[in-house]
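Structure file final35.pdb; described as PDB, C-alpha atoms and all ligand atoms.
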MODEL        1
ATOM      1  CA  MET A   1     -13.363 -49.681  43.501
ATOM      2  CA  ALA A   2     -13.299 -48.028  40.091
ATOM      3  CA  GLN A   3     -15.300 -49.812  37.425
ATOM      4  CA  ALA A   4     -15.701 -49.519  33.681
ATOM      5  CA  GLY A   5     -17.097 -46.173  32.611
ATOM      6  CA  GLY A   6     -15.751 -44.438  35.708
ATOM      7  CA  VAL A   7     -18.567 -45.705  37.910
ATOM      8  CA  ASN A   8     -17.650 -46.536  41.480
ATOM      9  CA  ARG A   9     -19.604 -48.784  43.736
ATOM     10  CA  LEU A  10     -19.736 -47.831  47.370
ATOM     11  CA  PRO A  11     -21.267 -49.796  50.189
ATOM     12  CA  GLY A  12     -24.802 -48.424  50.771
ATOM     13  CA  ARG A  13     -25.057 -45.457  53.170
ATOM     14  CA  ALA A  14     -21.346 -44.697  52.980
ATOM     15  CA  ALA A  15     -19.642 -41.313  53.077
ATOM     16  CA  GLN A  16     -16.583 -40.857  50.874
ATOM     17  CA  THR A  17     -13.591 -39.951  53.061
ATOM     18  CA  VAL A  18      -9.968 -39.398  52.055
ATOM     19  CA  LEU A  19      -9.210 -42.944  53.224
ATOM     20  CA  GLY A  20     -12.106 -44.466  51.303
ATOM     21  CA  PRO A  21     -15.775 -45.155  51.990
ATOM     22  CA  VAL A  22     -16.897 -45.124  55.618
ATOM     23  CA  ASP A  23     -20.241 -46.327  56.896
ATOM     24  CA  ALA A  24     -22.058 -43.015  57.505
ATOM     25  CA  PRO A  25     -23.072 -43.712  61.140
ATOM     26  CA  SER A  26     -19.408 -44.111  62.079
ATOM     27  CA  LEU A  27     -18.611 -40.506  61.084
ATOM     28  CA  GLY A  28     -19.681 -39.474  64.585
ATOM     29  CA  PHE A  29     -19.489 -35.848  65.659
ATOM     30  CA  THR A  30     -18.744 -33.918  62.458
ATOM     31  CA  LEU A  31     -17.387 -30.428  61.794
ATOM     32  CA  THR A  32     -18.818 -29.542  58.404
ATOM     33  CA  HIS A  33     -16.816 -26.497  57.228
ATOM     34  CA  GLU A  34     -13.086 -26.320  58.005
ATOM     35  CA  HIS A  35      -9.786 -25.771  56.187
ATOM     36  CA  ILE A  36      -7.097 -28.344  56.894
ATOM     37  CA  ALA A  37      -5.753 -29.109  53.407
ATOM     38  CA  ASP A  38      -4.091 -25.718  52.873
ATOM     39  CA  ALA A  39      -2.082 -25.920  56.113
ATOM     40  CA  PRO A  40       1.224 -26.578  54.270
ATOM     41  CA  ASP A  41       0.731 -23.082  52.848
ATOM     42  CA  VAL A  42       2.195 -21.695  56.083
ATOM     43  CA  LEU A  43       5.530 -23.220  55.087
ATOM     44  CA  GLY A  44       5.734 -20.792  52.183
ATOM     45  CA  ARG A  45       4.573 -17.782  54.133
ATOM     46  CA  TRP A  46       6.442 -18.389  57.397
ATOM     47  CA  PRO A  47       9.428 -20.565  56.456
ATOM     48  CA  LYS A  48      11.176 -19.799  59.725
ATOM     49  CA  ALA A  49       8.267 -21.022  61.841
ATOM     50  CA  TRP A  50       8.882 -24.616  60.787
ATOM     51  CA  GLY A  51      11.775 -26.887  60.012
ATOM     52  CA  GLY A  52       9.939 -28.273  57.022
ATOM     53  CA  ARG A  53       6.987 -30.333  55.896
ATOM     54  CA  ALA A  54       7.733 -33.305  58.138
ATOM     55  CA  GLU A  55       7.778 -31.076  61.231
ATOM     56  CA  LEU A  56       4.598 -29.298  60.172
ATOM     57  CA  THR A  57       2.856 -32.610  59.536
ATOM     58  CA  ALA A  58       3.925 -33.979  62.925
ATOM     59  CA  LYS A  59       2.590 -30.856  64.642
ATOM     60  CA  ALA A  60      -0.666 -31.144  62.672
ATOM     61  CA  VAL A  61      -1.113 -34.794  63.639
ATOM     62  CA  GLU A  62      -0.476 -33.983  67.288
ATOM     63  CA  GLU A  63      -3.070 -31.203  67.204
ATOM     64  CA  LEU A  64      -5.617 -33.381  65.387
ATOM     65  CA  GLN A  65      -5.138 -36.147  67.940
ATOM     66  CA  ARG A  66      -6.022 -33.577  70.592
ATOM     67  CA  VAL A  67      -9.106 -32.606  68.567
ATOM     68  CA  ARG A  68     -10.111 -36.239  68.250
ATOM     69  CA  ALA A  69      -9.697 -36.732  72.007
ATOM     70  CA  GLY A  70     -11.944 -33.665  72.366
ATOM     71  CA  GLY A  71     -14.790 -35.557  70.729
ATOM     72  CA  VAL A  72     -14.506 -34.784  67.001
ATOM     73  CA  GLY A  73     -14.953 -37.818  64.746
ATOM     74  CA  THR A  74     -14.948 -36.242  61.287
ATOM     75  CA  ILE A  75     -13.785 -33.006  59.692
ATOM     76  CA  VAL A  76     -15.102 -31.859  56.334
ATOM     77  CA  ASP A  77     -12.376 -29.914  54.539
ATOM     78  CA  LEU A  78     -13.746 -27.290  52.171
ATOM     79  CA  THR A  79     -10.449 -26.245  50.600
ATOM     80  CA  THR A  80     -10.731 -26.410  46.813
ATOM     81  CA  TYR A  81      -7.992 -26.735  44.201
ATOM     82  CA  ASP A  82      -7.842 -22.988  43.603
ATOM     83  CA  VAL A  83      -6.993 -22.073  47.209
ATOM     84  CA  GLY A  84      -4.097 -24.378  47.957
ATOM     85  CA  ARG A  85      -5.660 -27.778  48.598
ATOM     86  CA  ASP A  86      -2.843 -30.242  49.394
ATOM     87  CA  ILE A  87      -4.639 -33.554  49.121
ATOM     88  CA  ARG A  88      -1.697 -35.706  50.163
ATOM     89  CA  PHE A  89      -1.291 -33.725  53.367
ATOM     90  CA  LEU A  90      -5.006 -34.196  54.122
ATOM     91  CA  GLU A  91      -4.778 -37.938  53.529
ATOM     92  CA  GLU A  92      -1.659 -38.286  55.686
ATOM     93  CA  VAL A  93      -2.943 -36.335  58.691
ATOM     94  CA  SER A  94      -6.250 -38.229  58.570
ATOM     95  CA  ARG A  95      -4.457 -41.574  58.555
ATOM     96  CA  ARG A  96      -2.048 -40.646  61.349
ATOM     97  CA  SER A  97      -4.536 -38.847  63.602
ATOM     98  CA  GLY A  98      -7.492 -41.222  63.199
ATOM     99  CA  ILE A  99      -9.910 -38.409  62.316
ATOM    100  CA  HIS A 100     -12.095 -39.041  59.282
ATOM    101  CA  MET A 101     -11.672 -36.301  56.675
ATOM    102  CA  ILE A 102     -13.921 -35.573  53.718
ATOM    103  CA  ALA A 103     -12.207 -33.676  50.883
ATOM    104  CA  ALA A 104     -13.881 -31.170  48.588
ATOM    105  CA  THR A 105     -13.997 -30.587  44.898
ATOM    106  CA  GLY A 106     -15.492 -27.348  43.572
ATOM    107  CA  GLN A 107     -14.101 -23.833  43.380
ATOM    108  CA  ARG A 108     -13.746 -20.768  45.525
ATOM    109  CA  PHE A 109     -12.287 -17.870  43.464
ATOM    110  CA  PHE A 110     -11.140 -16.091  46.534
ATOM    111  CA  PRO A 111      -8.757 -14.489  45.635
ATOM    112  CA  PRO A 112     -10.288 -14.080  42.185
ATOM    113  CA  ASN A 113      -7.075 -14.427  40.178
ATOM    114  CA  VAL A 114      -5.711 -17.928  40.339
ATOM    115  CA  PRO A 115      -2.339 -18.395  38.639
ATOM    116  CA  HIS A 116      -2.283 -20.821  35.725
ATOM    117  CA  VAL A 117      -6.065 -21.127  35.629
ATOM    118  CA  SER A 118      -7.907 -19.408  32.839
ATOM    119  CA  MET A 119     -11.326 -19.229  34.367
ATOM    120  CA  PRO A 120     -13.191 -17.302  31.666
ATOM    121  CA  SER A 121     -12.514 -20.190  29.308
ATOM    122  CA  ARG A 122     -14.293 -22.642  31.581
ATOM    123  CA  THR A 123     -17.749 -23.817  30.587
ATOM    124  CA  VAL A 124     -20.389 -25.234  32.909
ATOM    125  CA  GLU A 125     -20.005 -28.625  31.236
ATOM    126  CA  GLY A 126     -16.199 -28.579  31.405
ATOM    127  CA  LEU A 127     -16.104 -27.593  35.039
ATOM    128  CA  ALA A 128     -18.814 -30.122  35.970
ATOM    129  CA  ALA A 129     -16.745 -32.859  34.295
ATOM    130  CA  PHE A 130     -13.721 -31.801  36.380
ATOM    131  CA  PHE A 131     -15.753 -31.943  39.620
ATOM    132  CA  VAL A 132     -17.214 -35.343  38.678
ATOM    133  CA  LYS A 133     -13.729 -36.653  37.951
ATOM    134  CA  GLU A 134     -12.488 -35.581  41.402
ATOM    135  CA  ILE A 135     -15.464 -37.379  42.975
ATOM    136  CA  ARG A 136     -15.393 -40.567  40.905
ATOM    137  CA  GLN A 137     -11.740 -41.059  40.044
ATOM    138  CA  GLY A 138      -9.786 -38.972  42.487
ATOM    139  CA  ILE A 139      -7.807 -35.797  42.940
ATOM    140  CA  GLU A 140      -4.548 -35.034  41.123
ATOM    141  CA  GLY A 141      -3.617 -38.654  40.562
ATOM    142  CA  SER A 142      -3.656 -39.411  44.301
ATOM    143  CA  GLY A 143      -6.610 -41.783  44.159
ATOM    144  CA  VAL A 144      -8.187 -39.751  46.983
ATOM    145  CA  ARG A 145     -11.786 -38.941  46.070
ATOM    146  CA  ALA A 146     -13.794 -35.873  46.961
ATOM    147  CA  GLY A 147     -16.960 -36.430  48.988
ATOM    148  CA  VAL A 148     -18.470 -32.941  48.827
ATOM    149  CA  ILE A 149     -18.703 -30.021  46.385
ATOM    150  CA  LYS A 150     -17.780 -26.572  47.684
ATOM    151  CA  ILE A 151     -18.749 -23.473  45.714
ATOM    152  CA  GLY A 152     -17.673 -19.962  46.684
ATOM    153  CA  ILE A 153     -19.886 -16.977  45.912
ATOM    154  CA  VAL A 154     -18.431 -13.855  47.449
ATOM    155  CA  GLY A 155     -21.116 -11.210  47.016
ATOM    156  CA  GLN A 156     -24.874 -10.883  47.208
ATOM    157  CA  SER A 157     -25.342 -12.596  43.877
ATOM    158  CA  ALA A 158     -23.087 -14.701  41.711
ATOM    159  CA  THR A 159     -20.758 -13.103  39.158
ATOM    160  CA  ALA A 160     -20.722 -14.745  35.713
ATOM    161  CA  LEU A 161     -17.750 -16.906  36.733
ATOM    162  CA  GLU A 162     -19.329 -17.828  40.045
ATOM    163  CA  GLU A 163     -22.564 -18.735  38.289
ATOM    164  CA  THR A 164     -20.596 -21.064  36.019
ATOM    165  CA  GLY A 165     -19.180 -22.706  39.137
ATOM    166  CA  LEU A 166     -22.536 -22.984  40.868
ATOM    167  CA  ARG A 167     -24.267 -24.507  37.869
ATOM    168  CA  ALA A 168     -21.342 -26.892  37.368
ATOM    169  CA  GLY A 169     -21.538 -27.856  41.041
ATOM    170  CA  ALA A 170     -25.261 -28.500  40.736
ATOM    171  CA  ARG A 171     -24.758 -30.736  37.698
ATOM    172  CA  ALA A 172     -21.895 -32.642  39.333
ATOM    173  CA  SER A 173     -24.078 -33.140  42.407
ATOM    174  CA  LYS A 174     -26.927 -34.506  40.307
ATOM    175  CA  ALA A 175     -24.543 -36.819  38.449
ATOM    176  CA  THR A 176     -22.834 -38.236  41.546
ATOM    177  CA  GLY A 177     -25.123 -37.586  44.520
ATOM    178  CA  ALA A 178     -22.406 -35.568  46.294
ATOM    179  CA  PRO A 179     -23.773 -32.724  48.457
ATOM    180  CA  ILE A 180     -22.994 -29.021  47.890
ATOM    181  CA  ARG A 181     -21.826 -26.438  50.423
ATOM    182  CA  ILE A 182     -21.806 -22.795  49.385
ATOM    183  CA  HIS A 183     -19.757 -19.898  50.773
ATOM    184  CA  THR A 184     -22.620 -17.433  51.157
ATOM    185  CA  LYS A 185     -22.732 -13.726  51.996
ATOM    186  CA  SER A 186     -25.618 -14.278  54.326
ATOM    187  CA  ALA A 187     -25.750 -10.726  55.672
ATOM    188  CA  SER A 188     -27.059  -9.753  52.202
ATOM    189  CA  ARG A 189     -29.544 -12.668  52.082
ATOM    190  CA  ALA A 190     -27.412 -14.086  49.263
ATOM    191  CA  GLY A 191     -28.734 -17.632  49.761
ATOM    192  CA  GLU A 192     -32.061 -16.533  48.290
ATOM    193  CA  ASN A 193     -30.341 -15.514  45.052
ATOM    194  CA  HIS A 194     -28.288 -18.716  44.881
ATOM    195  CA  ALA A 195     -31.448 -20.770  45.439
ATOM    196  CA  VAL A 196     -32.958 -19.304  42.252
ATOM    197  CA  LEU A 197     -29.980 -20.586  40.226
ATOM    198  CA  LEU A 198     -29.955 -23.950  42.014
ATOM    199  CA  GLU A 199     -33.643 -24.451  41.415
ATOM    200  CA  SER A 200     -33.227 -23.670  37.718
ATOM    201  CA  GLU A 201     -30.806 -26.639  37.757
ATOM    202  CA  LYS A 202     -33.501 -28.711  39.524
ATOM    203  CA  ILE A 203     -31.351 -29.413  42.546
ATOM    204  CA  ASP A 204     -32.907 -31.051  45.602
ATOM    205  CA  PRO A 205     -32.504 -28.426  48.403
ATOM    206  CA  ALA A 206     -31.805 -31.282  50.839
ATOM    207  CA  ARG A 207     -28.405 -31.642  49.131
ATOM    208  CA  VAL A 208     -27.409 -28.000  49.671
ATOM    209  CA  SER A 209     -26.048 -26.079  52.667
ATOM    210  CA  PHE A 210     -25.617 -22.298  52.730
ATOM    211  CA  ASP A 211     -22.537 -21.857  54.889
ATOM    212  CA  HIS A 212     -21.623 -18.820  57.014
ATOM    213  CA  SER A 213     -25.370 -18.377  57.497
ATOM    214  CA  ASP A 214     -25.017 -17.068  61.041
ATOM    215  CA  ASP A 215     -23.497 -13.863  59.590
ATOM    216  CA  SER A 216     -27.123 -12.971  58.840
ATOM    217  CA  GLY A 217     -28.919 -13.048  62.188
ATOM    218  CA  ASP A 218     -32.232 -12.590  60.354
ATOM    219  CA  MET A 219     -34.809 -15.207  61.366
ATOM    220  CA  ASP A 220     -37.023 -14.379  58.399
ATOM    221  CA  TYR A 221     -34.133 -15.237  56.057
ATOM    222  CA  PHE A 222     -33.295 -18.434  57.956
ATOM    223  CA  LEU A 223     -36.874 -19.693  58.171
ATOM    224  CA  GLY A 224     -37.537 -18.981  54.497
ATOM    225  CA  LEU A 225     -34.594 -21.111  53.370
ATOM    226  CA  ALA A 226     -35.159 -23.855  55.951
ATOM    227  CA  ARG A 227     -38.822 -24.194  54.985
ATOM    228  CA  ARG A 228     -37.711 -24.670  51.384
ATOM    229  CA  GLY A 229     -35.533 -27.568  52.555
ATOM    230  CA  TYR A 230     -32.074 -25.946  52.532
ATOM    231  CA  SER A 231     -29.546 -26.387  55.303
ATOM    232  CA  LEU A 232     -27.806 -23.555  57.132
ATOM    233  CA  GLY A 233     -24.147 -23.846  58.092
ATOM    234  CA  MET A 234     -23.602 -21.946  61.375
ATOM    235  CA  ASP A 235     -19.821 -21.753  61.242
ATOM    236  CA  HIS A 236     -18.841 -18.158  62.039
ATOM    237  CA  VAL A 237     -20.394 -17.978  65.507
ATOM    238  CA  HIS A 238     -17.011 -17.292  67.150
ATOM    239  CA  ARG A 239     -16.538 -14.174  65.042
ATOM    240  CA  GLY A 240     -19.364 -12.553  66.994
ATOM    241  CA  LEU A 241     -17.116 -12.606  70.064
ATOM    242  CA  GLY A 242     -14.902  -9.913  68.545
ATOM    243  CA  PRO A 243     -15.793  -6.215  68.309
ATOM    244  CA  ASP A 244     -15.566  -6.056  64.515
ATOM    245  CA  PHE A 245     -18.190  -8.570  63.506
ATOM    246  CA  LYS A 246     -21.953  -8.389  63.798
ATOM    247  CA  PRO A 247     -24.177 -10.095  64.842
ATOM    248  CA  SER A 248     -22.817 -10.848  68.305
ATOM    249  CA  PHE A 249     -21.967 -14.344  69.503
ATOM    250  CA  GLU A 250     -25.073 -14.290  71.713
ATOM    251  CA  LYS A 251     -27.344 -13.252  68.858
ATOM    252  CA  ARG A 252     -25.968 -15.961  66.554
ATOM    253  CA  ALA A 253     -26.478 -18.599  69.244
ATOM    254  CA  GLU A 254     -29.977 -17.303  69.933
ATOM    255  CA  CYS A 255     -30.886 -17.755  66.250
ATOM    256  CA  ILE A 256     -29.733 -21.379  66.416
ATOM    257  CA  LYS A 257     -31.978 -21.905  69.431
ATOM    258  CA  LEU A 258     -34.978 -20.226  67.765
ATOM    259  CA  LEU A 259     -34.529 -22.398  64.676
ATOM    260  CA  ALA A 260     -34.323 -25.543  66.802
ATOM    261  CA  ASP A 261     -37.423 -24.438  68.729
ATOM    262  CA  ALA A 262     -39.219 -23.946  65.402
ATOM    263  CA  GLY A 263     -38.448 -27.562  64.480
ATOM    264  CA  PHE A 264     -35.503 -26.946  62.150
ATOM    265  CA  ALA A 265     -32.629 -28.615  64.041
ATOM    266  CA  GLY A 266     -32.537 -30.984  61.065
ATOM    267  CA  ASN A 267     -31.439 -28.093  58.832
ATOM    268  CA  ILE A 268     -28.496 -26.839  60.920
ATOM    269  CA  PHE A 269     -24.792 -27.652  60.891
ATOM    270  CA  LEU A 270     -22.242 -26.390  63.437
ATOM    271  CA  SER A 271     -18.600 -25.682  62.579
ATOM    272  CA  GLN A 272     -16.007 -22.879  62.897
ATOM    273  CA  ASP A 273     -14.436 -22.305  59.426
ATOM    274  CA  CYS A 274     -10.999 -22.667  60.964
ATOM    275  CA  GLU A 275      -7.741 -22.104  59.039
ATOM    276  CA  PHE A 276      -5.788 -24.958  60.534
ATOM    277  CA  GLY A 277      -2.419 -23.707  59.283
ATOM    278  CA  GLY A 278      -2.956 -20.575  61.370
ATOM    279  CA  VAL A 279      -3.769 -22.651  64.446
ATOM    280  CA  LEU A 280      -0.422 -24.398  64.053
ATOM    281  CA  LEU A 281       1.569 -21.163  63.920
ATOM    282  CA  PRO A 282       3.223 -19.616  66.956
ATOM    283  CA  ALA A 283       0.982 -16.771  68.169
ATOM    284  CA  GLU A 284       3.431 -14.023  67.149
ATOM    285  CA  ASN A 285       3.370 -15.207  63.535
ATOM    286  CA  ARG A 286      -0.386 -14.999  63.099
ATOM    287  CA  GLU A 287      -1.920 -12.457  60.788
ATOM    288  CA  TRP A 288      -5.466 -11.307  60.130
ATOM    289  CA  ARG A 289      -6.989 -14.564  58.889
ATOM    290  CA  GLU A 290      -5.301 -16.500  61.611
ATOM    291  CA  THR A 291      -6.465 -14.229  64.397
ATOM    292  CA  ILE A 292     -10.152 -14.317  63.458
ATOM    293  CA  ASP A 293     -10.151 -18.005  64.269
ATOM    294  CA  PRO A 294     -11.062 -18.777  67.872
ATOM    295  CA  PRO A 295      -8.293 -19.517  70.404
ATOM    296  CA  GLU A 296      -9.899 -22.941  70.864
ATOM    297  CA  GLY A 297      -9.211 -23.659  67.155
ATOM    298  CA  LEU A 298     -11.062 -26.744  65.977
ATOM    299  CA  LEU A 299     -12.464 -27.268  69.477
ATOM    300  CA  PHE A 300     -14.456 -24.008  69.621
ATOM    301  CA  VAL A 301     -17.735 -25.768  68.765
ATOM    302  CA  THR A 302     -17.343 -28.453  71.412
ATOM    303  CA  ARG A 303     -15.735 -26.309  74.122
ATOM    304  CA  LYS A 304     -17.560 -23.033  73.788
ATOM    305  CA  LEU A 305     -20.519 -23.027  71.413
ATOM    306  CA  ILE A 306     -22.269 -26.190  72.524
ATOM    307  CA  PRO A 307     -21.999 -25.436  76.263
ATOM    308  CA  HIS A 308     -23.483 -21.990  75.533
ATOM    309  CA  LEU A 309     -26.305 -23.475  73.436
ATOM    310  CA  LYS A 310     -27.154 -25.854  76.284
ATOM    311  CA  GLN A 311     -27.100 -22.989  78.735
ATOM    312  CA  ILE A 312     -29.702 -21.060  76.728
ATOM    313  CA  GLY A 313     -31.914 -24.139  76.477
ATOM    314  CA  VAL A 314     -31.026 -26.055  73.304
ATOM    315  CA  SER A 315     -31.631 -29.743  74.040
ATOM    316  CA  ASP A 316     -29.004 -32.485  73.854
ATOM    317  CA  ARG A 317     -31.312 -34.157  71.355
ATOM    318  CA  ASP A 318     -31.210 -31.154  68.992
ATOM    319  CA  ILE A 319     -27.434 -30.761  69.363
ATOM    320  CA  HIS A 320     -27.008 -34.425  68.462
ATOM    321  CA  THR A 321     -29.196 -33.868  65.407
ATOM    322  CA  MET A 322     -27.072 -30.900  64.251
ATOM    323  CA  THR A 323     -23.664 -32.446  64.857
ATOM    324  CA  VAL A 324     -24.138 -36.192  64.273
ATOM    325  CA  GLU A 325     -27.361 -37.049  62.451
ATOM    326  CA  ASN A 326     -27.439 -34.230  59.892
ATOM    327  CA  PRO A 327     -23.868 -34.898  58.678
ATOM    328  CA  GLN A 328     -24.599 -38.649  58.429
ATOM    329  CA  ARG A 329     -27.514 -37.957  56.132
ATOM    330  CA  PHE A 330     -25.914 -35.096  54.180
ATOM    331  CA  PHE A 331     -22.571 -36.748  53.372
ATOM    332  CA  ARG A 332     -23.989 -40.176  52.537
ATOM    333  CA  MET A 333     -23.343 -40.976  48.898
ATOM    334  CA  PRO A 334     -25.519 -43.139  46.693
ATOM    335  CA  ALA A 335     -24.403 -46.750  46.215
ATOM    336  CA  ARG A 336     -23.736 -45.968  42.570
ATOM    337  CA  LEU A 337     -22.010 -42.668  42.024
TER
HETATM  338 ZN    ZN B 401     -14.456 -21.668  54.590
ENDMDL
END
Before anything else, please render the file you have as C-alpha cells.
Ligand SMILES: [Zn+2]
Amino acid sequence: MAQAGGVNRLPGRAAQTVLGPVDAPSLGFTLTHEHIADAPDVLGRWPKAWGGRAELTAKAVEELQRVRAGGVGTIVDLTTYDVGRDIRFLEEVSRRSGIHMIAATGQRFFPPNVPHVSMPSRTVEGLAAFFVKEIRQGIEGSGVRAGVIKIGIVGQSATALEETGLRAGARASKATGAPIRIHTKSASRAGENHAVLLESEKIDPARVSFDHSDDSGDMDYFLGLARRGYSLGMDHVHRGLGPDFKPSFEKRAECIKLLADAGFAGNIFLSQDCEFGGVLLPAENREWRETIDPPEGLLFVTRKLIPHLKQIGVSDRDIHTMTVENPQRFFRMPARL
C-alpha cells in the first residue's frame, strides 16, 4: 500500500511481483532472466501471424500454463521501458497463467537509439528517480511495481550513457533495496569493469548479478567475482549447443559444476534469456533472435540443462540452491522500500 512520501510497506521477506507482494519462499523454482513483456511486439512485426492482441494473449497464457506445469513457479522479466516492455500484458498473463512474474525497471540501450527518449540529457539523479518511481509507485500509471533493476552494458566497459544508467541503478537499489541484474559481455571479463563502478557507488555485491556470465567459460573470472560476493547469471547455456557460439554447452555446464564444487552454488542463477514472443511464433516466421532461443523455450533449464548438470554430478541440493533458494534471497525486498 502506498503511504505518504511514496514509501510502501511490504510484508517482511516479500518479493514484489506484478500482482503485488508475495512471500519470498512461495516464489518456488525461479527463472531469473527472461523476456515476456515485449511479446506483443510480434504483433507489429508479424501482423499476419496473429489475429490480434487477444489471440496472442490467449496463446501466451496457454504456453505459460504449460511452463507452470513443467515446474516453473516464477519468471523474472528483464524487459525495460526502452525495449518494448508492455506492463499490462505481463500483468495479465501472470494473472491468467498463475505464474509469478517480477517486472524490471532500468534501461538497456540495445538498440542504442530509442525514439522519443533523449538519453544524453539524462542525469544519474534523474534516472535514479525514474527507477525509484517504478519500484515504489508503479509503471506507466498501471500500479504494477518493478521488483528488480536491469541495466544493459553492451561492451567490455560502460559507455558514458551506460555508466549513467549503472550509477542510477546502483543508487535506486540503495534507496529501495531492489536487486540489480546486469547484461554483461562476459567473454571480455566485463563484470570486473562494472564492479569498479558499482563499488564506487558502495553497492553490496550480494545485490548484484552479472548475467550472461556463461559466455565467458573462464573459471578465474568466475571465481574472482564470486569470491567478491557477486552472483553469476548462467542464462545462455543453450547457445553453446549451436555451432556459432563458444563456449560449448558442455563447457558452460562444466563451469557451473566446478563453481558448485568450489562452494559457490549460492552465487549462481540458471535461466535461458528467452524471447517469449519468438517462442509464440510459428516456426516459419522466426528470425535470428527467435532462432537462438532453445526449442524447449522457457523449459530448456528444467528439461535439458538440469538433467545434464545432474548427469555430470551436480547435486540436487546445489540445483535447489541455484533455482529456489538464491532467487528467494535475491528478490526479497526490505519491509520499507
Ligand atoms: Zn536478456
Closest atom pairs, chain A residues within 8 Å of ligand ZN 401 (chain B), all atoms listed in the file, as a Markdown table:
| residue | atom | partner | partner_atom | distance |
| --- | --- | --- | --- | --- |
| A:His33 | CA | B:ZN401 | ZN | 6.0 |
| A:Glu34 | CA | B:ZN401 | ZN | 5.9 |
| A:His35 | CA | B:ZN401 | ZN | 6.4 |
| A:Leu78 | CA | B:ZN401 | ZN | 6.2 |
| A:Thr79 | CA | B:ZN401 | ZN | 7.3 |
| A:His183 | CA | B:ZN401 | ZN | 6.8 |
| A:Asp273 | CA | B:ZN401 | ZN | 4.9 |
| A:Cys274 | CA | B:ZN401 | ZN | 7.3 |
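Distance-wise, CA of Ile153 (chain A) and CA of Leu241 (chain A) end up 24.7 Å apart.
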Can you spell out as a list in words the set of residues that the PyMOL selection byres (((chain A and resi 16) around 10) and not hetatm) selects in the structure I just provided?
Leu10, Arg13, Ala14, Ala15, Thr17, Val18, Leu19, Gly20, Pro21, Val22, Asp23, Ala24, His100, Met101, Ile102, Ala103, Ile135, Val144, Arg145, Ala146, Gly147, Val148, Ala178, Phe331, Arg332 and Met333 of chain A
Selection: 12 Å around Gly44 (chain A), only C-alpha atoms, excl. self and same-chain fewer than 5 positions, as a list in words
Asp38, Ala39, Ala49, Trp50, Gly51, Gly52, Arg53, Leu56, Gly84 and Gly277 of chain A
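Our summary of the geometry notes that CA of Met322 (chain A) is positioned 27.0 Å from CA of Arg96 (chain A).
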Show me as a ChimeraX atom specification the residues that reach within 10 Å of (-20.9, -19.2, 62.0), counting all atoms listed in the file and using the file's own coordinates.
/A:33,211-216,232-240,249,252-253,269-273,301
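One distance worth recording is that between CA of Thr164 (chain A) and CA of Thr105 (chain A), which is 14.6 Å.
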With 9 Å as the threshold, what does the neighbourhood of (-29.2, -14.1, 60.3) contain in terms of residues, counting all atoms listed in the file? Coordinates are those of the file; answer as a count of residues only.
17
Completion of region 258-262 of chain A up to all heavy atoms, as a PDB file, keeping the file's coordinate frame:
ATOM      1  N   LEU A 258     -33.641 -20.507  68.310  1.00  0.00           N
ATOM      2  CA  LEU A 258     -34.978 -20.226  67.765  1.00  0.00           C
ATOM      3  C   LEU A 258     -35.295 -21.167  66.603  1.00  0.00           C
ATOM      4  O   LEU A 258     -36.428 -21.621  66.458  1.00  0.00           O
ATOM      5  CB  LEU A 258     -35.065 -18.763  67.312  1.00  0.00           C
ATOM      6  CG  LEU A 258     -35.039 -17.717  68.440  1.00  0.00           C
ATOM      7  CD1 LEU A 258     -34.957 -16.299  67.867  1.00  0.00           C
ATOM      8  CD2 LEU A 258     -36.269 -17.848  69.344  1.00  0.00           C
ATOM      9  N   LEU A 259     -34.301 -21.463  65.789  1.00  0.00           N
ATOM     10  CA  LEU A 259     -34.529 -22.398  64.676  1.00  0.00           C
ATOM     11  C   LEU A 259     -34.816 -23.798  65.201  1.00  0.00           C
ATOM     12  O   LEU A 259     -35.712 -24.486  64.700  1.00  0.00           O
ATOM     13  CB  LEU A 259     -33.306 -22.426  63.751  1.00  0.00           C
ATOM     14  CG  LEU A 259     -33.197 -21.234  62.796  1.00  0.00           C
ATOM     15  CD1 LEU A 259     -31.800 -21.133  62.211  1.00  0.00           C
ATOM     16  CD2 LEU A 259     -34.242 -21.348  61.682  1.00  0.00           C
ATOM     17  N   ALA A 260     -34.067 -24.225  66.212  1.00  0.00           N
ATOM     18  CA  ALA A 260     -34.323 -25.543  66.802  1.00  0.00           C
ATOM     19  C   ALA A 260     -35.722 -25.576  67.411  1.00  0.00           C
ATOM     20  O   ALA A 260     -36.476 -26.536  67.217  1.00  0.00           O
ATOM     21  CB  ALA A 260     -33.258 -25.861  67.856  1.00  0.00           C
ATOM     22  N   ASP A 261     -36.086 -24.502  68.120  1.00  0.00           N
ATOM     23  CA  ASP A 261     -37.423 -24.438  68.729  1.00  0.00           C
ATOM     24  C   ASP A 261     -38.520 -24.478  67.673  1.00  0.00           C
ATOM     25  O   ASP A 261     -39.624 -24.961  67.926  1.00  0.00           O
ATOM     26  CB  ASP A 261     -37.571 -23.158  69.561  1.00  0.00           C
ATOM     27  CG  ASP A 261     -36.719 -23.178  70.820  1.00  0.00           C
ATOM     28  OD1 ASP A 261     -36.195 -24.263  71.170  1.00  0.00           O
ATOM     29  OD2 ASP A 261     -36.570 -22.111  71.457  1.00  0.00           O
ATOM     30  N   ALA A 262     -38.225 -23.946  66.491  1.00  0.00           N
ATOM     31  CA  ALA A 262     -39.219 -23.946  65.402  1.00  0.00           C
ATOM     32  C   ALA A 262     -39.235 -25.274  64.642  1.00  0.00           C
ATOM     33  O   ALA A 262     -39.953 -25.414  63.650  1.00  0.00           O
ATOM     34  CB  ALA A 262     -38.927 -22.794  64.447  1.00  0.00           C
TER      35      ALA A 262
END
